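Here the structure is laid out as structure tokens; the discussion comes afterwards.
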Amino acid sequence: MLSVVHHPAYRLDLASGRRFPVNKAARLAEVLVEEGLVAEGGFLEPEPADFAQLAAAHDPAYVRQVLDGALPPEAERRIGFAVTPAVGERSRAASGGTLLAGRLALREGAACNTAGGGHHAARDHGAGYCVFNDVAVAATALLAEGAVGRVLVVDLDVHQGDGTARIFEDDARVFTFSMHAARNFPARKARSDLDVELDDGCEDGPYLAALADALPGLIESVRPDLVFYNAGVDPHRDDRLGRLSLTDEGLWARDNYVLDACLSRGAPVACVIGGGYDPDIDRLARRHALLHRAARDARARSD
């Protein structure tokens, strides 16, 4: 059975009408049980990331402001909502969840978090609905422990992983790969170690071809001890914040391809859900569940 990480703090009450579907992780957990991907009570609950873990990837002053619920209004506007202590706790839990998924992947080959993918958060600020960069927190912790020596970030959210790229721009131990819509947020892009920019309206075939052109050689050249895979579903043609045109079948093929490409080359994969902005939370959660099904199947194929 695939190990899946979930924390009760992923459920959070925010004012209605926001574009960020904060409770999709909670509905995703329900869907995973409904679809038989996780047994009732079978989720692994992480320890929320502590101050030291967060401050190793982010500026300590910024971390303290978040945890104290004391971010200035302009910093909250950049994120997109008020960062209350409850939001800070959710962000801590998501970061701890991605760290636990990384540890499990190292042991089992693949594991998933039902949240995570806060790739716009940079060292000293949050942005684009991202408070802490959970992948950066997890990668930094595992590198510091010596659990890994080389990390590959595969970010297939429709938006560039600009925060991740900036955090690791001077760290040769982490290779950042982002494949995203060229004309989407952020307007001012960072420089990942490898960026693949796609035209508006890119459909399944060209998308999968671009991925196949980049990923296998990247895994073989980087030779990562661990891959963090941001499997945002916002490249979907019906996503209200995406500019690409993937179908459910295209997302399914993408996730299977990434997992098989990594596991067949001996690279374990920790998966996070990334972006997805369909206003129908049930439909959105089932779209995110494709990742978990693909991870379960790919892990079984690799055994």
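Ligands are numbered from 1 in the order shown, residues from 1 within each chain, and chains are lettered A, B, ... in the order they appear in the structure tokens.
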
Quiz item: Just asking: which residues within range 26-237 of chain A are alpha helix (DSSP H) according to DSSP, as number ranges by chain?
Solution: A: 26-34, 51-57, 60-67, 73-79, 85-108, 134-145, 162-167, 204-222

Can I get the selection written as an mmCIF file, in the first residue's frame, with C-alpha atoms?
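Result file part-v2.cif:
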```
data_model
loop_
_atom_site.group_PDB
_atom_site.id
_atom_site.type_symbol
_atom_site.label_atom_id
_atom_site.label_comp_id
_atom_site.auth_asym_id
_atom_site.auth_seq_id
_atom_site.Cartn_x
_atom_site.Cartn_y
_atom_site.Cartn_z
ATOM 1 C CA ALA A 26 -9.341 17.645 3.223
ATOM 2 C CA ARG A 27 -11.673 16.545 0.437
ATOM 3 C CA LEU A 28 -8.784 14.765 -1.288
ATOM 4 C CA ALA A 29 -8.220 12.675 1.840
ATOM 5 C CA GLU A 30 -11.879 11.660 1.785
ATOM 6 C CA VAL A 31 -11.702 10.767 -1.903
ATOM 7 C CA LEU A 32 -8.603 8.616 -1.374
ATOM 8 C CA VAL A 33 -10.519 6.564 1.196
ATOM 9 C CA GLU A 34 -13.625 6.403 -1.021
ATOM 10 C CA PHE A 51 10.989 26.870 13.825
ATOM 11 C CA ALA A 52 14.526 25.610 13.197
ATOM 12 C CA GLN A 53 13.460 23.545 10.181
ATOM 13 C CA LEU A 54 11.514 26.454 8.700
ATOM 14 C CA ALA A 55 14.285 28.966 9.414
ATOM 15 C CA ALA A 56 16.861 26.788 7.652
ATOM 16 C CA ALA A 57 14.999 27.391 4.372
ATOM 17 C CA PRO A 60 14.073 33.551 10.526
ATOM 18 C CA ALA A 61 12.415 36.967 10.874
ATOM 19 C CA TYR A 62 9.830 36.039 8.244
ATOM 20 C CA VAL A 63 9.171 32.680 9.923
ATOM 21 C CA ARG A 64 8.640 34.388 13.274
ATOM 22 C CA GLN A 65 6.161 36.854 11.766
ATOM 23 C CA VAL A 66 4.153 34.007 10.243
ATOM 24 C CA LEU A 67 4.092 31.920 13.415
ATOM 25 C CA PRO A 73 -0.582 43.857 5.389
ATOM 26 C CA GLU A 74 1.568 44.243 2.282
ATOM 27 C CA ALA A 75 3.151 40.827 2.902
ATOM 28 C CA GLU A 76 -0.291 39.256 3.301
ATOM 29 C CA ARG A 77 -1.469 40.868 0.063
ATOM 30 C CA ARG A 78 1.454 39.267 -1.743
ATOM 31 C CA ILE A 79 0.348 35.873 -0.419
ATOM 32 C CA PRO A 85 -2.000 31.691 13.432
ATOM 33 C CA ALA A 86 -4.240 28.923 12.014
ATOM 34 C CA VAL A 87 -2.833 29.540 8.528
ATOM 35 C CA GLY A 88 0.654 29.419 10.000
ATOM 36 C CA GLU A 89 -0.149 26.091 11.658
ATOM 37 C CA ARG A 90 -1.446 24.669 8.386
ATOM 38 C CA SER A 91 1.720 25.821 6.638
ATOM 39 C CA ARG A 92 3.864 24.195 9.331
ATOM 40 C CA ALA A 93 1.893 20.973 8.971
ATOM 41 C CA ALA A 94 2.209 20.949 5.172
ATOM 42 C CA SER A 95 5.970 21.443 5.420
ATOM 43 C CA GLY A 96 6.241 18.644 7.954
ATOM 44 C CA GLY A 97 4.084 16.517 5.679
ATOM 45 C CA THR A 98 6.402 16.957 2.725
ATOM 46 C CA LEU A 99 9.390 16.167 4.927
ATOM 47 C CA LEU A 100 7.709 12.961 6.103
ATOM 48 C CA ALA A 101 6.816 12.064 2.493
ATOM 49 C CA GLY A 102 10.496 12.496 1.621
ATOM 50 C CA ARG A 103 11.590 10.192 4.424
ATOM 51 C CA LEU A 104 9.014 7.582 3.402
ATOM 52 C CA ALA A 105 10.010 7.795 -0.257
ATOM 53 C CA LEU A 106 13.641 7.143 0.650
ATOM 54 C CA ARG A 107 12.525 3.987 2.430
ATOM 55 C CA GLU A 108 9.717 2.808 0.146
ATOM 56 C CA ASP A 134 7.462 22.969 1.919
ATOM 57 C CA VAL A 135 9.693 21.323 -0.682
ATOM 58 C CA ALA A 136 12.528 23.698 0.208
ATOM 59 C CA VAL A 137 12.014 23.038 3.918
ATOM 60 C CA ALA A 138 12.034 19.271 3.388
ATOM 61 C CA ALA A 139 14.999 19.231 1.005
ATOM 62 C CA THR A 140 17.046 21.485 3.274
ATOM 63 C CA ALA A 141 16.340 19.282 6.305
ATOM 64 C CA LEU A 142 17.228 16.045 4.528
ATOM 65 C CA LEU A 143 20.418 17.531 3.103
ATOM 66 C CA ALA A 144 21.453 18.830 6.519
ATOM 67 C CA GLU A 145 20.892 15.391 8.063
ATOM 68 C CA ASP A 162 10.048 30.740 -8.814
ATOM 69 C CA GLY A 163 10.413 30.625 -5.044
ATOM 70 C CA THR A 164 12.076 27.218 -5.133
ATOM 71 C CA ALA A 165 14.442 28.370 -7.883
ATOM 72 C CA ARG A 166 15.465 31.433 -5.881
ATOM 73 C CA ILE A 167 15.973 29.561 -2.617
ATOM 74 C CA ASP A 204 -1.705 16.527 -24.037
ATOM 75 C CA GLY A 205 0.464 15.400 -26.953
ATOM 76 C CA PRO A 206 2.890 18.321 -27.154
ATOM 77 C CA TYR A 207 3.013 18.567 -23.366
ATOM 78 C CA LEU A 208 3.957 14.927 -22.891
ATOM 79 C CA ALA A 209 6.474 15.160 -25.725
ATOM 80 C CA ALA A 210 8.186 18.142 -24.057
ATOM 81 C CA LEU A 211 8.308 16.236 -20.773
ATOM 82 C CA ALA A 212 9.761 13.134 -22.432
ATOM 83 C CA ASP A 213 12.378 15.280 -24.131
ATOM 84 C CA ALA A 214 13.569 16.737 -20.821
ATOM 85 C CA LEU A 215 13.060 14.359 -17.921
ATOM 86 C CA PRO A 216 14.910 11.069 -18.610
ATOM 87 C CA GLY A 217 18.200 12.725 -19.458
ATOM 88 C CA LEU A 218 17.820 15.034 -16.499
ATOM 89 C CA ILE A 219 17.438 12.151 -14.050
ATOM 90 C CA GLU A 220 20.430 10.389 -15.567
ATOM 91 C CA SER A 221 22.651 13.480 -15.425
ATOM 92 C CA VAL A 222 21.604 14.733 -11.974
#
```

I'd like the neighbourhood of Gly109 in chain A as a PDB file with C-alpha atoms, in the first residue's frame, where a residue qualifies if any of its atoms comes within 10 Å (using only C-alpha atoms), though same-chain residues fewer than 3 positions away should be ignored.
```pdb
ATOM      1  CA  LEU A   2       1.251   3.501  -0.861  1.00  0.00           C
ATOM      2  CA  SER A   3       2.162   5.648   2.152  1.00  0.00           C
ATOM      3  CA  GLY A 102      10.496  12.496   1.621  1.00  0.00           C
ATOM      4  CA  ARG A 103      11.590  10.192   4.424  1.00  0.00           C
ATOM      5  CA  LEU A 104       9.014   7.582   3.402  1.00  0.00           C
ATOM      6  CA  ALA A 105      10.010   7.795  -0.257  1.00  0.00           C
ATOM      7  CA  LEU A 106      13.641   7.143   0.650  1.00  0.00           C
ATOM      8  CA  LEU A 226      15.491  11.927  -4.018  1.00  0.00           C
ATOM      9  CA  LEU A 259       6.942   8.242 -11.549  1.00  0.00           C
ATOM     10  CA  CYS A 262      12.212   8.195 -11.742  1.00  0.00           C
ATOM     11  CA  LEU A 263      11.620   4.782 -10.173  1.00  0.00           C
ATOM     12  CA  GLY A 266      16.455   4.202  -9.005  1.00  0.00           C
ATOM     13  CA  ALA A 267      15.321   7.683  -7.919  1.00  0.00           C
ATOM     14  CA  PRO A 268      12.699   7.676  -5.120  1.00  0.00           C
ATOM     15  CA  VAL A 269       9.879  10.217  -5.426  1.00  0.00           C
ATOM     16  CA  ALA A 270       8.099  12.328  -2.815  1.00  0.00           C
ATOM     17  CA  ALA A 295       2.149   6.636  -7.409  1.00  0.00           C
ATOM     18  CA  ALA A 298       4.182   2.919 -10.325  1.00  0.00           C
ATOM     19  CA  ARG A 299       5.499   1.723  -6.990  1.00  0.00           C
ATOM     20  CA  ALA A 300       3.894  -1.679  -7.591  1.00  0.00           C
ATOM     21  CA  SER A 302       8.886  -1.094  -9.658  1.00  0.00           C
ATOM     22  CA  ASP A 303       8.818  -3.801  -6.966  1.00  0.00           C
TER      23      ASP A 303
END
```

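Neighbouring residues of Asn184 in chain A at 10 Å or closer, counting only C-alpha atoms and skipping chain neighbours under 6 positions away, are Val158, His159, Gln160, Glu197, Leu198, Asp199, Asp200, Leu241, Gly242, Arg243 and Leu244 of chain A.
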
Hey, can you spit out that residue selection with N, CA and C atoms as an mmCIF file, in the first residue's frame?
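Writing done, so here's part-v7.cif:
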```cif
data_model
loop_
_atom_site.group_PDB
_atom_site.id
_atom_site.type_symbol
_atom_site.label_atom_id
_atom_site.label_comp_id
_atom_site.auth_asym_id
_atom_site.auth_seq_id
_atom_site.Cartn_x
_atom_site.Cartn_y
_atom_site.Cartn_z
ATOM 1 N N VAL A 158 1.331 24.539 -13.322
ATOM 2 C CA VAL A 158 1.242 25.404 -14.503
ATOM 3 C C VAL A 158 2.024 26.702 -14.322
ATOM 4 N N HIS A 159 2.323 27.062 -13.069
ATOM 5 C CA HIS A 159 3.078 28.277 -12.771
ATOM 6 C C HIS A 159 4.533 27.919 -12.452
ATOM 7 N N GLN A 160 5.438 28.796 -12.829
ATOM 8 C CA GLN A 160 6.846 28.523 -12.553
ATOM 9 C C GLN A 160 7.106 28.421 -11.045
ATOM 10 N N GLU A 197 9.318 26.369 -21.043
ATOM 11 C CA GLU A 197 8.153 27.242 -21.106
ATOM 12 C C GLU A 197 7.251 26.804 -22.260
ATOM 13 N N LEU A 198 5.959 26.721 -21.971
ATOM 14 C CA LEU A 198 4.982 26.209 -22.923
ATOM 15 C C LEU A 198 4.040 27.315 -23.381
ATOM 16 N N ASP A 199 3.612 27.223 -24.629
ATOM 17 C CA ASP A 199 2.677 28.192 -25.176
ATOM 18 C C ASP A 199 1.273 27.976 -24.616
ATOM 19 N N ASP A 200 0.499 29.034 -24.579
ATOM 20 C CA ASP A 200 -0.896 28.922 -24.170
ATOM 21 C C ASP A 200 -1.612 27.863 -25.004
ATOM 22 N N LEU A 241 -7.107 29.139 -13.334
ATOM 23 C CA LEU A 241 -5.863 29.905 -13.266
ATOM 24 C C LEU A 241 -4.777 29.348 -14.178
ATOM 25 N N GLY A 242 -5.108 28.364 -14.998
ATOM 26 C CA GLY A 242 -4.132 27.797 -15.921
ATOM 27 C C GLY A 242 -4.303 28.387 -17.304
ATOM 28 N N ARG A 243 -3.333 28.164 -18.162
ATOM 29 C CA ARG A 243 -3.421 28.625 -19.556
ATOM 30 C C ARG A 243 -3.137 27.479 -20.527
ATOM 31 N N LEU A 244 -3.019 26.246 -19.985
ATOM 32 C CA LEU A 244 -2.757 25.086 -20.826
ATOM 33 C C LEU A 244 -4.049 24.290 -21.019
#
```

Exercise. Once DSSP has gone over the backbone, tell me which residues of range 108-137 of chain A are in strand (DSSP E), as a list in words.
Key: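 Residues of range 108-137 of chain A classed as strand (DSSP E): Ala110, Ala111, Cys112 and Asn113 of chain A.
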
Generate the output file for the selected residues, C-alpha atoms, as a short mmCIF file (atom, residue, chain, number, x, y, z; two decimals), in the first residue's frame.
```cif
data_model
loop_
_atom_site.label_atom_id
_atom_site.label_comp_id
_atom_site.auth_asym_id
_atom_site.auth_seq_id
_atom_site.Cartn_x
_atom_site.Cartn_y
_atom_site.Cartn_z
CA ALA A 110 7.41 6.64 -3.45
CA ALA A 111 5.12 8.46 -1.04
CA CYS A 112 2.60 11.30 -1.25
CA ASN A 113 1.49 14.29 0.77
#
```

Quiz item: Interatomic distance between CA of Glu45 in chain A and CA of Ala115 in chain A?
Solution: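 Distance between the two atoms: 12.0 Å.
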
Can you pull out every residue within 10 Å of Ser245 in chain A, counting only C-alpha atoms, but drop anything in the same chain fewer than 4 positions away, and send it as a PDB file with C-alpha atoms, in the first residue's frame?
```pdb
ATOM      1  CA  ASP A 200      -0.896  28.922 -24.170  1.00  0.00           C
ATOM      2  CA  GLY A 201      -3.304  26.119 -25.054  1.00  0.00           C
ATOM      3  CA  CYS A 202      -0.662  23.374 -25.076  1.00  0.00           C
ATOM      4  CA  GLU A 203      -2.504  20.037 -25.251  1.00  0.00           C
ATOM      5  CA  ASP A 204      -1.705  16.527 -24.037  1.00  0.00           C
ATOM      6  CA  TYR A 207       3.013  18.567 -23.366  1.00  0.00           C
ATOM      7  CA  ASP A 234      -3.688  23.501 -12.911  1.00  0.00           C
ATOM      8  CA  PRO A 235      -2.388  22.654 -16.426  1.00  0.00           C
ATOM      9  CA  HIS A 236      -5.898  21.176 -16.907  1.00  0.00           C
ATOM     10  CA  ARG A 237      -7.966  22.782 -19.649  1.00  0.00           C
ATOM     11  CA  ASP A 238     -10.786  23.623 -17.197  1.00  0.00           C
ATOM     12  CA  ASP A 239      -8.598  25.196 -14.502  1.00  0.00           C
ATOM     13  CA  GLY A 250      -3.193  13.823 -19.991  1.00  0.00           C
TER      14      GLY A 250
END
```

Quiz item: What is the CA of Leu44 in chain A-CA of Val5 in chain A distance in Å, reported with one decimal?
Solution: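 Taking CA of Leu44 in chain A and CA of Val5 in chain A, their separation equals 4.7 Å.
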
Self-check item: Distance of CA of Phe177 in chain A from CA of Val83 in chain A, expressed in Å to one decimal place
Solution: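 Separation of CA of Val83 in chain A and CA of Phe177 in chain A: 28.8 Å.
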